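J.: Got data.cif for you, mmCIF, C-alpha atoms and all ligand atoms:
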```cif
data_coords
#
loop_
_atom_site.label_atom_id
_atom_site.label_comp_id
_atom_site.auth_asym_id
_atom_site.auth_seq_id
_atom_site.Cartn_x
_atom_site.Cartn_y
_atom_site.Cartn_z
CA MET S 1479 -132.13 156.84 -143.02
CA ASP S 1480 -129.64 157.75 -145.80
CA ALA S 1481 -131.21 160.83 -147.44
CA SER S 1482 -129.50 160.04 -150.77
CA LEU S 1483 -131.56 156.85 -151.18
CA PRO S 1484 -135.30 156.76 -151.94
CA TYR S 1485 -135.74 153.92 -149.44
CA ASP S 1486 -134.66 153.01 -145.90
CA ALA S 1487 -131.32 151.18 -146.28
CA GLN S 1488 -131.48 149.77 -142.76
CA HIS S 1489 -134.90 148.28 -143.40
CA LEU S 1490 -133.54 146.80 -146.65
CA ARG S 1491 -130.73 145.07 -144.72
CA HIS S 1492 -133.23 143.64 -142.28
CA LEU S 1493 -135.42 142.27 -145.10
CA ALA S 1494 -132.39 140.94 -146.98
CA GLY S 1495 -131.38 138.99 -143.88
CA GLU S 1496 -134.85 137.53 -143.61
CA ILE S 1497 -134.86 136.51 -147.28
CA ILE S 1498 -131.39 134.94 -147.02
CA THR S 1499 -132.30 132.84 -143.95
CA ASN S 1500 -135.62 131.62 -145.30
CA VAL S 1501 -134.42 130.92 -148.82
CA ARG S 1502 -131.47 128.89 -147.53
CA GLU S 1503 -133.99 126.61 -145.82
CA LEU S 1504 -136.14 126.34 -148.95
CA SER S 1505 -133.05 125.58 -150.97
CA LEU S 1506 -131.96 122.84 -148.56
CA ALA S 1507 -135.39 121.28 -149.13
CA GLY S 1508 -134.51 121.09 -152.84
CA TRP S 1509 -137.03 123.68 -153.98
CA THR S 1510 -134.57 126.03 -155.79
CA PRO S 1511 -132.52 123.81 -158.14
CA ALA S 1512 -129.92 125.19 -160.55
CA THR S 1513 -130.26 128.91 -159.60
CA SER S 1514 -134.02 128.78 -160.19
CA SER S 1515 -136.62 130.58 -158.08
CA ASN S 1516 -136.90 134.18 -156.90
CA PHE S 1517 -137.96 135.94 -153.73
CA SER S 1518 -139.03 139.39 -152.63
CA ARG S 1519 -140.30 141.52 -149.75
CA ARG S 1520 -142.19 144.80 -149.85
CA LEU S 1521 -139.80 147.52 -148.71
CA ASP S 1522 -142.24 150.44 -148.65
CA GLU S 1523 -145.20 151.76 -150.65
CA LYS S 1524 -143.06 152.18 -153.80
CA HIS S 1525 -140.22 149.64 -153.55
CA ALA S 1526 -139.51 145.94 -153.11
CA ALA S 1527 -136.35 144.03 -152.19
CA ILE S 1528 -135.84 141.18 -154.68
CA THR S 1529 -133.20 138.61 -155.61
CA VAL S 1530 -130.71 139.46 -158.35
CA SER S 1531 -131.23 137.37 -161.50
CA GLY S 1532 -129.26 134.15 -161.92
CA ARG S 1533 -127.82 133.89 -158.42
CA ASP S 1534 -127.54 130.57 -156.55
CA LYS S 1535 -130.50 130.94 -154.22
CA GLY S 1536 -129.03 128.52 -151.69
CA ARG S 1537 -126.02 130.79 -151.13
CA LEU S 1538 -127.53 134.25 -151.11
CA THR S 1539 -125.68 137.12 -149.47
CA GLU S 1540 -126.76 140.76 -149.04
CA ALA S 1541 -125.13 141.51 -152.41
CA ASP S 1542 -127.69 139.22 -154.08
CA ILE S 1543 -130.67 141.30 -152.95
CA MET S 1544 -131.50 144.55 -154.75
CA VAL S 1545 -134.27 147.14 -154.87
CA VAL S 1546 -136.85 147.64 -157.63
CA ASP S 1547 -139.80 149.97 -158.03
CA PHE S 1548 -143.24 148.54 -158.70
CA ASP S 1549 -142.72 148.83 -162.47
CA GLY S 1550 -139.78 146.45 -162.09
CA ASN S 1551 -137.02 149.01 -162.63
CA ALA S 1552 -133.78 148.65 -160.67
CA VAL S 1553 -133.31 151.35 -158.05
CA GLY S 1554 -129.77 152.27 -156.96
CA SER S 1555 -128.23 149.10 -158.43
CA GLU S 1556 -126.43 148.10 -161.63
CA HIS S 1557 -127.58 144.50 -161.24
CA ARG S 1558 -130.38 142.88 -163.21
CA PRO S 1559 -133.34 141.99 -161.02
CA SER S 1560 -135.02 138.61 -161.35
CA ALA S 1561 -136.26 137.89 -164.86
CA GLU S 1562 -139.69 137.39 -163.26
CA THR S 1563 -139.72 140.66 -161.31
CA LEU S 1564 -143.00 141.75 -162.90
CA LEU S 1565 -144.81 138.79 -161.31
CA HIS S 1566 -143.76 140.09 -157.91
CA THR S 1567 -144.31 143.79 -158.43
CA GLN S 1568 -147.77 143.37 -159.95
CA LEU S 1569 -148.89 141.98 -156.58
CA TYR S 1570 -147.26 144.73 -154.49
CA LYS S 1571 -148.66 147.39 -156.78
CA ARG S 1572 -152.19 146.12 -156.61
CA PHE S 1573 -152.48 144.84 -153.04
CA PRO S 1574 -151.02 147.03 -150.27
CA ASP S 1575 -151.44 144.14 -147.80
CA ILE S 1576 -149.10 141.82 -149.68
CA GLY S 1577 -145.63 141.97 -148.14
CA CYS S 1578 -143.83 138.90 -149.45
CA VAL S 1579 -143.75 136.88 -152.70
CA LEU S 1580 -142.00 133.51 -152.95
CA HIS S 1581 -141.39 131.56 -156.16
CA THR S 1582 -139.94 128.03 -156.12
CA HIS S 1583 -139.31 125.14 -158.53
CA SER S 1584 -139.77 121.99 -156.44
CA LYS S 1585 -140.24 118.69 -158.25
CA THR S 1586 -143.72 118.30 -156.76
CA GLN S 1587 -144.76 121.77 -157.99
CA THR S 1588 -143.31 121.17 -161.43
CA VAL S 1589 -144.82 117.71 -161.93
CA ALA S 1590 -148.22 118.94 -160.70
CA SER S 1591 -148.07 121.89 -163.09
CA ARG S 1592 -147.50 119.51 -166.02
CA LEU S 1593 -150.29 117.12 -165.05
CA TYR S 1594 -152.92 119.76 -164.35
CA ALA S 1595 -152.09 122.28 -167.09
CA PRO S 1596 -154.71 120.83 -169.50
CA GLN S 1597 -157.53 121.50 -167.02
CA GLY S 1598 -156.06 124.85 -165.95
CA HIS S 1599 -156.21 124.27 -162.21
CA VAL S 1600 -155.53 121.84 -159.37
CA ARG S 1601 -158.47 121.35 -157.00
CA PHE S 1602 -158.00 120.90 -153.24
CA ASP S 1603 -161.15 119.57 -151.61
CA GLY S 1604 -161.68 118.70 -147.96
CA TYR S 1605 -158.12 118.90 -146.68
CA GLU S 1606 -157.58 120.13 -143.13
CA LEU S 1607 -154.47 121.92 -144.39
CA GLN S 1608 -156.64 124.25 -146.49
CA LYS S 1609 -156.96 126.13 -143.20
CA ALA S 1610 -153.30 127.12 -143.57
CA PHE S 1611 -154.42 129.70 -146.14
CA ALA S 1612 -155.36 133.06 -144.68
CA GLY S 1613 -159.12 133.51 -144.44
CA ASN S 1614 -159.93 129.77 -144.52
CA THR S 1615 -161.51 128.57 -141.29
CA THR S 1616 -162.62 125.10 -142.33
CA HIS S 1617 -161.53 122.11 -144.37
CA GLU S 1618 -164.92 122.19 -146.07
CA GLY S 1619 -165.08 123.71 -149.52
CA VAL S 1620 -162.92 123.59 -152.61
CA MET S 1621 -159.90 125.62 -153.50
CA ASP S 1622 -158.69 125.83 -157.09
CA VAL S 1623 -155.03 126.63 -157.75
CA PRO S 1624 -154.68 128.11 -161.24
CA VAL S 1625 -152.12 126.71 -163.70
CA PHE S 1626 -150.97 129.22 -166.32
CA PRO S 1627 -149.10 128.39 -169.53
CA ASN S 1628 -145.40 129.16 -169.30
CA THR S 1629 -143.96 132.03 -171.32
CA GLN S 1630 -140.77 134.09 -171.29
CA HIS S 1631 -142.90 137.20 -171.89
CA MET S 1632 -143.69 138.38 -168.37
CA PRO S 1633 -146.26 141.04 -169.37
CA THR S 1634 -148.38 138.28 -170.96
CA LEU S 1635 -148.23 136.13 -167.83
CA ALA S 1636 -148.80 139.11 -165.54
CA ALA S 1637 -151.92 140.07 -167.52
CA GLN S 1638 -153.34 136.54 -167.14
CA VAL S 1639 -152.65 136.58 -163.41
CA ASP S 1640 -154.20 140.02 -163.10
CA ALA S 1641 -157.39 138.89 -164.82
CA LEU S 1642 -157.79 136.05 -162.34
CA LEU S 1643 -157.03 138.27 -159.35
CA ASP S 1644 -160.10 140.30 -160.40
CA LYS S 1645 -162.28 137.29 -159.63
CA GLY S 1646 -161.42 136.92 -155.95
CA PRO S 1647 -158.72 136.36 -153.36
CA MET S 1648 -155.97 133.83 -154.09
CA TRP S 1649 -152.65 132.97 -152.48
CA GLY S 1650 -150.73 131.42 -155.32
CA TYR S 1651 -150.61 129.79 -158.74
CA LEU S 1652 -148.63 127.30 -160.79
CA ILE S 1653 -146.93 127.90 -164.12
CA ASP S 1654 -146.83 124.89 -166.46
CA GLY S 1655 -143.49 123.08 -166.42
CA HIS S 1656 -142.06 125.86 -164.31
CA GLY S 1657 -143.03 126.19 -160.64
CA LEU S 1658 -145.17 127.88 -158.02
CA TYR S 1659 -145.79 131.45 -156.92
CA ALA S 1660 -147.13 132.03 -153.39
CA TRP S 1661 -147.49 135.15 -151.32
CA GLY S 1662 -148.67 136.56 -148.02
CA ARG S 1663 -148.71 139.61 -145.80
CA ASP S 1664 -145.25 138.81 -144.45
CA MET S 1665 -142.56 136.16 -144.78
CA ALA S 1666 -144.14 133.84 -142.21
CA GLU S 1667 -147.50 133.87 -143.92
CA ALA S 1668 -146.05 133.52 -147.43
CA ARG S 1669 -143.97 130.54 -146.26
CA ARG S 1670 -146.96 128.94 -144.62
CA HIS S 1671 -148.87 129.26 -147.89
CA LEU S 1672 -145.93 127.94 -149.91
CA GLU S 1673 -145.54 124.92 -147.62
CA ALA S 1674 -149.29 124.24 -147.68
CA PHE S 1675 -149.31 124.32 -151.49
CA GLU S 1676 -146.33 121.97 -151.60
CA PHE S 1677 -147.93 119.51 -149.17
CA LEU S 1678 -151.36 119.52 -150.83
CA LEU S 1679 -149.92 119.21 -154.34
CA GLY S 1680 -147.89 116.25 -153.06
CA CYS S 1681 -151.07 114.65 -151.70
CA GLU S 1682 -152.88 115.08 -155.01
CA LEU S 1683 -149.98 113.56 -156.95
CA GLU S 1684 -149.75 110.61 -154.58
CA LEU S 1685 -153.49 109.98 -154.75
CA ARG S 1686 -153.25 109.83 -158.54
CA THR S 1687 -150.62 107.12 -158.36
CA LEU S 1688 -152.65 105.11 -155.81
CA LYS S 1689 -155.97 105.28 -157.64
C1 LIG K 1 -132.46 128.47 -164.35
S1 LIG K 1 -134.03 128.94 -163.78
C2 LIG K 1 -134.84 129.84 -165.09
C3 LIG K 1 -135.44 131.14 -164.68
C4 LIG K 1 -136.45 130.97 -163.58
O1 LIG K 1 -137.48 130.35 -163.81
C5 LIG K 1 -136.22 131.43 -162.24
O2 LIG K 1 -137.04 131.24 -161.38
C6 LIG K 1 -134.98 132.19 -161.87
O3 LIG K 1 -134.87 133.39 -162.56
P1 LIG K 1 -134.08 134.62 -161.91
O4 LIG K 1 -133.91 135.57 -163.06
O5 LIG K 1 -134.97 135.16 -160.84
O6 LIG K 1 -132.80 134.10 -161.34
ZN ZN K 2 -138.96 130.50 -162.16
#
```
Represent the structure of the file as structure tokens.

T.:
Amino acid sequence: MDASLPYDAQHLRHLAGEIITNVRELSLAGWTPATSSNFSRRLDEKHAAITVSGRDKGRLTEADIMVVDFDGNAVGSEHRPSAETLLHTQLYKRFPDIGCVLHTHSKTQTVASRLYAPQGHVRFDGYELQKAFAGNTTHEGVMDVPVFPNTQHMPTLAAQVDALLDKGPMWGYLIDGHGLYAWGRDMAEARRHLEAFEFLLGCELELRTLK
């Protein structure tokens, strides 16, 4: 470990590699258009590795991943972290078990966010794939995915998310006209949650067109 840095640089490189590989796949699926989306991993109990703002997420290199503290301040970098850094760090700060936060802008997520914003949530009910979410052991029961109004003022959005997190466990939310946030204990779990949200939102949209 480099004693001049407040974090383990080798661990950072490992996490950066993991982010790059996974995000390339998400980008190939069309979920990160036009430099949108942002991604992070918990580095330790005070720091996270996160994507630099404005970078093409389909072509990330190690230079596009930087370190922030849990107040969203850059650590050891002149770059600007994601404009939405606070939405990542609020989760790391509050929940020591959360190790990965993924934010994407797929068409399915964005269309669903627009359609369901007036009611404030999308309801999943009776899908086998609800078991993809950690802690769910059955398809029975309902799961409401919150939809928050979009804003460029991250403290406002973070406060709304925080208020809902008080009410019980959740694995993600939509932002109106914007996209989806999903998280998990590690990259594999966060990706599983992200993919389950994408699939179930797609089902709900398709059912609406068929009804
Ligand atoms: C062109 S996308 C607008 C910003 C956004 O919603 C996003 O996800 C990417 O922002 P970042 O600062 O993380 O690149
Ligand atoms: Zn975004």

J.: With all atoms listed in the file counted and 9 Å as the cut-off, give the residues of chain S in contact with ligand ZN 2 (chain K), each with its shortest interatomic distance in Å and the pair that gives it, as a Markdown table.

T.:
```
| residue | atom | partner | partner_atom | distance |
| --- | --- | --- | --- | --- |
| S:Thr1510 | CA | K:ZN2 | ZN | 8.9 |
| S:Ser1514 | CA | K:ZN2 | ZN | 5.6 |
| S:Ser1515 | CA | K:ZN2 | ZN | 4.7 |
| S:Asn1516 | CA | K:ZN2 | ZN | 6.7 |
| S:Ala1561 | CA | K:ZN2 | ZN | 8.3 |
| S:Glu1562 | CA | K:ZN2 | ZN | 7.0 |
| S:His1581 | CA | K:ZN2 | ZN | 6.6 |
| S:Thr1582 | CA | K:ZN2 | ZN | 6.6 |
| S:His1583 | CA | K:ZN2 | ZN | 6.5 |
| S:Ile1653 | CA | K:ZN2 | ZN | 8.6 |
| S:His1656 | CA | K:ZN2 | ZN | 6.0 |
| S:Gly1657 | CA | K:ZN2 | ZN | 6.1 |
| S:Leu1658 | CA | K:ZN2 | ZN | 7.9 |
| S:Tyr1659 | CA | K:ZN2 | ZN | 8.7 |
```

J.: Write out as a compact mmCIF listing (two decimals) with C-alpha atoms, in the coordinates of the input the residues lying within 6 Å of Arg1519 in chain S, counting all atoms listed in the file and excluding same-chain residues fewer than 4 positions away.

T.:
```txt
# COMPACT_ATOMS: atom_id res chain seq x y z
CA ALA S 1526 -139.51 145.94 -153.11
CA ALA S 1527 -136.35 144.03 -152.19
CA GLY S 1577 -145.63 141.97 -148.14
CA CYS S 1578 -143.83 138.90 -149.45
```

J.: With the cut-off set at 12 Å and counting all atoms listed in the file, tabulate each residue of chain S with an atom at most that distance from an atom of ligand LIG 1 (chain K), showing the nearest atom pair and its distance in Å to one decimal, ordered by chain and increasing number, as a Markdown table.

T.:
```
| residue | atom | partner | partner_atom | distance |
| --- | --- | --- | --- | --- |
| S:Trp1509 | CA | K:LIG1 | O2 | 10.6 |
| S:Thr1510 | CA | K:LIG1 | O2 | 8.0 |
| S:Pro1511 | CA | K:LIG1 | C1 | 7.8 |
| S:Ala1512 | CA | K:LIG1 | C1 | 5.6 |
| S:Thr1513 | CA | K:LIG1 | C1 | 5.3 |
| S:Ser1514 | CA | K:LIG1 | S1 | 3.6 |
| S:Ser1515 | CA | K:LIG1 | O2 | 3.4 |
| S:Asn1516 | CA | K:LIG1 | O5 | 4.5 |
| S:Phe1517 | CA | K:LIG1 | O5 | 7.8 |
| S:Ser1518 | CA | K:LIG1 | O5 | 10.1 |
| S:Ile1528 | CA | K:LIG1 | O5 | 8.7 |
| S:Thr1529 | CA | K:LIG1 | O5 | 6.5 |
| S:Val1530 | CA | K:LIG1 | O6 | 6.5 |
| S:Ser1531 | CA | K:LIG1 | O4 | 3.6 |
| S:Gly1532 | CA | K:LIG1 | O6 | 3.6 |
| S:Arg1533 | CA | K:LIG1 | O6 | 5.8 |
| S:Asp1534 | CA | K:LIG1 | O6 | 7.9 |
| S:Lys1535 | CA | K:LIG1 | O6 | 8.1 |
| S:Gly1536 | CA | K:LIG1 | O6 | 11.8 |
| S:Leu1538 | CA | K:LIG1 | O6 | 11.5 |
| S:Asp1542 | CA | K:LIG1 | O6 | 10.2 |
| S:Ile1543 | CA | K:LIG1 | O5 | 10.9 |
| S:Met1544 | CA | K:LIG1 | O5 | 11.7 |
| S:His1557 | CA | K:LIG1 | O4 | 11.1 |
| S:Arg1558 | CA | K:LIG1 | O4 | 8.1 |
| S:Pro1559 | CA | K:LIG1 | O4 | 6.8 |
| S:Ser1560 | CA | K:LIG1 | O5 | 3.5 |
| S:Ala1561 | CA | K:LIG1 | O4 | 3.8 |
| S:Glu1562 | CA | K:LIG1 | O5 | 5.8 |
| S:Thr1563 | CA | K:LIG1 | O5 | 7.3 |
| S:Leu1564 | CA | K:LIG1 | O5 | 10.6 |
| S:Leu1565 | CA | K:LIG1 | O5 | 10.5 |
| S:His1566 | CA | K:LIG1 | O5 | 10.5 |
| S:Leu1580 | CA | K:LIG1 | O2 | 10.0 |
| S:His1581 | CA | K:LIG1 | O2 | 6.8 |
| S:Thr1582 | CA | K:LIG1 | O2 | 6.8 |
| S:His1583 | CA | K:LIG1 | O2 | 7.1 |
| S:Ser1584 | CA | K:LIG1 | O2 | 10.8 |
| S:Thr1588 | CA | K:LIG1 | O1 | 11.1 |
| S:Asn1628 | CA | K:LIG1 | O1 | 9.7 |
| S:Thr1629 | CA | K:LIG1 | O1 | 10.1 |
| S:Gln1630 | CA | K:LIG1 | O1 | 9.0 |
| S:His1631 | CA | K:LIG1 | O1 | 11.9 |
| S:Met1632 | CA | K:LIG1 | O1 | 11.1 |
| S:Leu1652 | CA | K:LIG1 | O1 | 11.9 |
| S:Ile1653 | CA | K:LIG1 | O1 | 9.8 |
| S:Asp1654 | CA | K:LIG1 | O1 | 11.1 |
| S:Gly1655 | CA | K:LIG1 | O1 | 9.8 |
| S:His1656 | CA | K:LIG1 | O1 | 6.4 |
| S:Gly1657 | CA | K:LIG1 | O1 | 7.6 |
| S:Leu1658 | CA | K:LIG1 | O2 | 9.4 |
| S:Tyr1659 | CA | K:LIG1 | O2 | 9.8 |
```

J.: Keeping C-alpha atoms for every residue in the selection just given, could you write it to a file as a PDB file, in the frame of the given file?

T.:
```pdb
ATOM      1  CA  TRP S1509    -137.030 123.680-153.980  1.00  0.00           C
ATOM      2  CA  THR S1510    -134.570 126.030-155.790  1.00  0.00           C
ATOM      3  CA  PRO S1511    -132.520 123.810-158.140  1.00  0.00           C
ATOM      4  CA  ALA S1512    -129.920 125.190-160.550  1.00  0.00           C
ATOM      5  CA  THR S1513    -130.260 128.910-159.600  1.00  0.00           C
ATOM      6  CA  SER S1514    -134.020 128.780-160.190  1.00  0.00           C
ATOM      7  CA  SER S1515    -136.620 130.580-158.080  1.00  0.00           C
ATOM      8  CA  ASN S1516    -136.900 134.180-156.900  1.00  0.00           C
ATOM      9  CA  PHE S1517    -137.960 135.940-153.730  1.00  0.00           C
ATOM     10  CA  SER S1518    -139.030 139.390-152.630  1.00  0.00           C
ATOM     11  CA  ILE S1528    -135.840 141.180-154.680  1.00  0.00           C
ATOM     12  CA  THR S1529    -133.200 138.610-155.610  1.00  0.00           C
ATOM     13  CA  VAL S1530    -130.710 139.460-158.350  1.00  0.00           C
ATOM     14  CA  SER S1531    -131.230 137.370-161.500  1.00  0.00           C
ATOM     15  CA  GLY S1532    -129.260 134.150-161.920  1.00  0.00           C
ATOM     16  CA  ARG S1533    -127.820 133.890-158.420  1.00  0.00           C
ATOM     17  CA  ASP S1534    -127.540 130.570-156.550  1.00  0.00           C
ATOM     18  CA  LYS S1535    -130.500 130.940-154.220  1.00  0.00           C
ATOM     19  CA  GLY S1536    -129.030 128.520-151.690  1.00  0.00           C
ATOM     20  CA  LEU S1538    -127.530 134.250-151.110  1.00  0.00           C
ATOM     21  CA  ASP S1542    -127.690 139.220-154.080  1.00  0.00           C
ATOM     22  CA  ILE S1543    -130.670 141.300-152.950  1.00  0.00           C
ATOM     23  CA  MET S1544    -131.500 144.550-154.750  1.00  0.00           C
ATOM     24  CA  HIS S1557    -127.580 144.500-161.240  1.00  0.00           C
ATOM     25  CA  ARG S1558    -130.380 142.880-163.210  1.00  0.00           C
ATOM     26  CA  PRO S1559    -133.340 141.990-161.020  1.00  0.00           C
ATOM     27  CA  SER S1560    -135.020 138.610-161.350  1.00  0.00           C
ATOM     28  CA  ALA S1561    -136.260 137.890-164.860  1.00  0.00           C
ATOM     29  CA  GLU S1562    -139.690 137.390-163.260  1.00  0.00           C
ATOM     30  CA  THR S1563    -139.720 140.660-161.310  1.00  0.00           C
ATOM     31  CA  LEU S1564    -143.000 141.750-162.900  1.00  0.00           C
ATOM     32  CA  LEU S1565    -144.810 138.790-161.310  1.00  0.00           C
ATOM     33  CA  HIS S1566    -143.760 140.090-157.910  1.00  0.00           C
ATOM     34  CA  LEU S1580    -142.000 133.510-152.950  1.00  0.00           C
ATOM     35  CA  HIS S1581    -141.390 131.560-156.160  1.00  0.00           C
ATOM     36  CA  THR S1582    -139.940 128.030-156.120  1.00  0.00           C
ATOM     37  CA  HIS S1583    -139.310 125.140-158.530  1.00  0.00           C
ATOM     38  CA  SER S1584    -139.770 121.990-156.440  1.00  0.00           C
ATOM     39  CA  THR S1588    -143.310 121.170-161.430  1.00  0.00           C
ATOM     40  CA  ASN S1628    -145.400 129.160-169.300  1.00  0.00           C
ATOM     41  CA  THR S1629    -143.960 132.030-171.320  1.00  0.00           C
ATOM     42  CA  GLN S1630    -140.770 134.090-171.290  1.00  0.00           C
ATOM     43  CA  HIS S1631    -142.900 137.200-171.890  1.00  0.00           C
ATOM     44  CA  MET S1632    -143.690 138.380-168.370  1.00  0.00           C
ATOM     45  CA  LEU S1652    -148.630 127.300-160.790  1.00  0.00           C
ATOM     46  CA  ILE S1653    -146.930 127.900-164.120  1.00  0.00           C
ATOM     47  CA  ASP S1654    -146.830 124.890-166.460  1.00  0.00           C
ATOM     48  CA  GLY S1655    -143.490 123.080-166.420  1.00  0.00           C
ATOM     49  CA  HIS S1656    -142.060 125.860-164.310  1.00  0.00           C
ATOM     50  CA  GLY S1657    -143.030 126.190-160.640  1.00  0.00           C
ATOM     51  CA  LEU S1658    -145.170 127.880-158.020  1.00  0.00           C
ATOM     52  CA  TYR S1659    -145.790 131.450-156.920  1.00  0.00           C
TER      53      TYR S1659
END
```

J.: Record the distance separating CA of Ala1612 in chain S and CA of Gly1646 in chain S, expressed in Å with one decimal.

T.: 13.4 Å

J.: Could you tell me how far CA of Trp1661 in chain S lies from CA of Leu1685 in chain S, in Å and to one decimal?

T.: 26.1 Å

J.: CA of Gln1568 in chain S and CA of Asp1549 in chain S are how many Å apart?

T.: 7.9 Å

J.: Give me, as an MDAnalysis selection string, all polymer residues having an atom no more than 9 Å from Leu1678 in chain S, counting all atoms listed in the file and skipping those fewer than 6 positions away in the same chain.

T.: chainID S and resid 1602 1605 1607:1608

J.: Would you put the residues from that selection into a file with C-alpha atoms, as a compact mmCIF listing (two decimals), in the coordinates of the input?

T.:
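After the write, result06.txt holds the following:
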```txt
# COMPACT_ATOMS: atom_id res chain seq x y z
CA PHE S 1602 -158.00 120.90 -153.24
CA TYR S 1605 -158.12 118.90 -146.68
CA LEU S 1607 -154.47 121.92 -144.39
CA GLN S 1608 -156.64 124.25 -146.49
```

J.: Could you give me, as a list in words, the residues within 10 Å of Asp1547 in chain S, counting all atoms listed in the file and dropping anything in the same chain fewer than 2 positions from it?

T.: Arg1520, Leu1521, Asp1522, Glu1523, Lys1524, His1525, Ala1526, Ala1527, Val1545, Asp1549, Gly1550, Asn1551, Ala1552, Val1553, Thr1563, Thr1567, Tyr1570 and Lys1571 of chain S

J.: Rank nothing, just name the residue among S:Ala1637, S:Gly1598, S:Gly1604, S:His1489 nearest to His1617 in chain S, using only C-alpha atoms.

T.: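 Going through S:Ala1637, S:Gly1598, S:Gly1604, S:His1489 one by one, the smallest distance to His1617 in chain S is for S:Gly1604.
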
J.: Identify which of the residues S:Ser1591, S:Thr1586, S:Thr1616, S:Val1623 lies closest to Phe1677 in chain S, counting only C-alpha atoms when measuring atom-to-atom distances.

T.: S:Thr1586

J.: Can you patch up range 1547-1562 of chain S, filling it in to N, CA and C atoms, and show the result as a PDB file, in the coordinates of the input?

T.:
```pdb
ATOM      1  N   ASP S1547    -138.518 149.295-158.235  1.00  0.00           N
ATOM      2  CA  ASP S1547    -139.800 149.970-158.030  1.00  0.00           C
ATOM      3  C   ASP S1547    -140.909 149.027-158.518  1.00  0.00           C
ATOM      4  N   PHE S1548    -142.147 149.461-158.395  1.00  0.00           N
ATOM      5  CA  PHE S1548    -143.240 148.540-158.700  1.00  0.00           C
ATOM      6  C   PHE S1548    -143.517 148.409-160.216  1.00  0.00           C
ATOM      7  N   ASP S1549    -142.694 149.110-161.030  1.00  0.00           N
ATOM      8  CA  ASP S1549    -142.720 148.830-162.470  1.00  0.00           C
ATOM      9  C   ASP S1549    -141.600 147.869-162.852  1.00  0.00           C
ATOM     10  N   GLY S1550    -140.843 147.431-161.842  1.00  0.00           N
ATOM     11  CA  GLY S1550    -139.780 146.450-162.090  1.00  0.00           C
ATOM     12  C   GLY S1550    -138.437 147.058-162.442  1.00  0.00           C
ATOM     13  N   ASN S1551    -138.302 148.371-162.324  1.00  0.00           N
ATOM     14  CA  ASN S1551    -137.020 149.010-162.630  1.00  0.00           C
ATOM     15  C   ASN S1551    -136.071 148.927-161.435  1.00  0.00           C
ATOM     16  N   ALA S1552    -134.783 148.655-161.735  1.00  0.00           N
ATOM     17  CA  ALA S1552    -133.780 148.650-160.670  1.00  0.00           C
ATOM     18  C   ALA S1552    -133.661 150.038-160.062  1.00  0.00           C
ATOM     19  N   VAL S1553    -133.476 150.074-158.751  1.00  0.00           N
ATOM     20  CA  VAL S1553    -133.310 151.350-158.050  1.00  0.00           C
ATOM     21  C   VAL S1553    -131.987 151.307-157.281  1.00  0.00           C
ATOM     22  N   GLY S1554    -131.054 152.175-157.667  1.00  0.00           N
ATOM     23  CA  GLY S1554    -129.770 152.270-156.960  1.00  0.00           C
ATOM     24  C   GLY S1554    -128.896 151.050-157.115  1.00  0.00           C
ATOM     25  N   SER S1555    -129.033 150.306-158.225  1.00  0.00           N
ATOM     26  CA  SER S1555    -128.230 149.100-158.430  1.00  0.00           C
ATOM     27  C   SER S1555    -127.967 148.912-159.920  1.00  0.00           C
ATOM     28  N   GLU S1556    -126.776 148.404-160.232  1.00  0.00           N
ATOM     29  CA  GLU S1556    -126.430 148.100-161.630  1.00  0.00           C
ATOM     30  C   GLU S1556    -126.820 146.677-161.989  1.00  0.00           C
ATOM     31  N   HIS S1557    -127.254 145.907-160.989  1.00  0.00           N
ATOM     32  CA  HIS S1557    -127.580 144.500-161.240  1.00  0.00           C
ATOM     33  C   HIS S1557    -128.907 144.383-161.992  1.00  0.00           C
ATOM     34  N   ARG S1558    -129.110 143.167-162.544  1.00  0.00           N
ATOM     35  CA  ARG S1558    -130.380 142.880-163.210  1.00  0.00           C
ATOM     36  C   ARG S1558    -131.279 142.158-162.214  1.00  0.00           C
ATOM     37  N   PRO S1559    -132.460 142.691-161.958  1.00  0.00           N
ATOM     38  CA  PRO S1559    -133.340 141.990-161.020  1.00  0.00           C
ATOM     39  C   PRO S1559    -133.867 140.712-161.659  1.00  0.00           C
ATOM     40  N   SER S1560    -134.433 139.854-160.845  1.00  0.00           N
ATOM     41  CA  SER S1560    -135.020 138.610-161.350  1.00  0.00           C
ATOM     42  C   SER S1560    -135.743 138.813-162.675  1.00  0.00           C
ATOM     43  N   ALA S1561    -135.571 137.833-163.565  1.00  0.00           N
ATOM     44  CA  ALA S1561    -136.260 137.890-164.860  1.00  0.00           C
ATOM     45  C   ALA S1561    -137.775 137.915-164.679  1.00  0.00           C
ATOM     46  N   GLU S1562    -138.245 137.492-163.496  1.00  0.00           N
ATOM     47  CA  GLU S1562    -139.690 137.390-163.260  1.00  0.00           C
ATOM     48  C   GLU S1562    -140.179 138.492-162.315  1.00  0.00           C
TER      49      GLU S1562
END
```
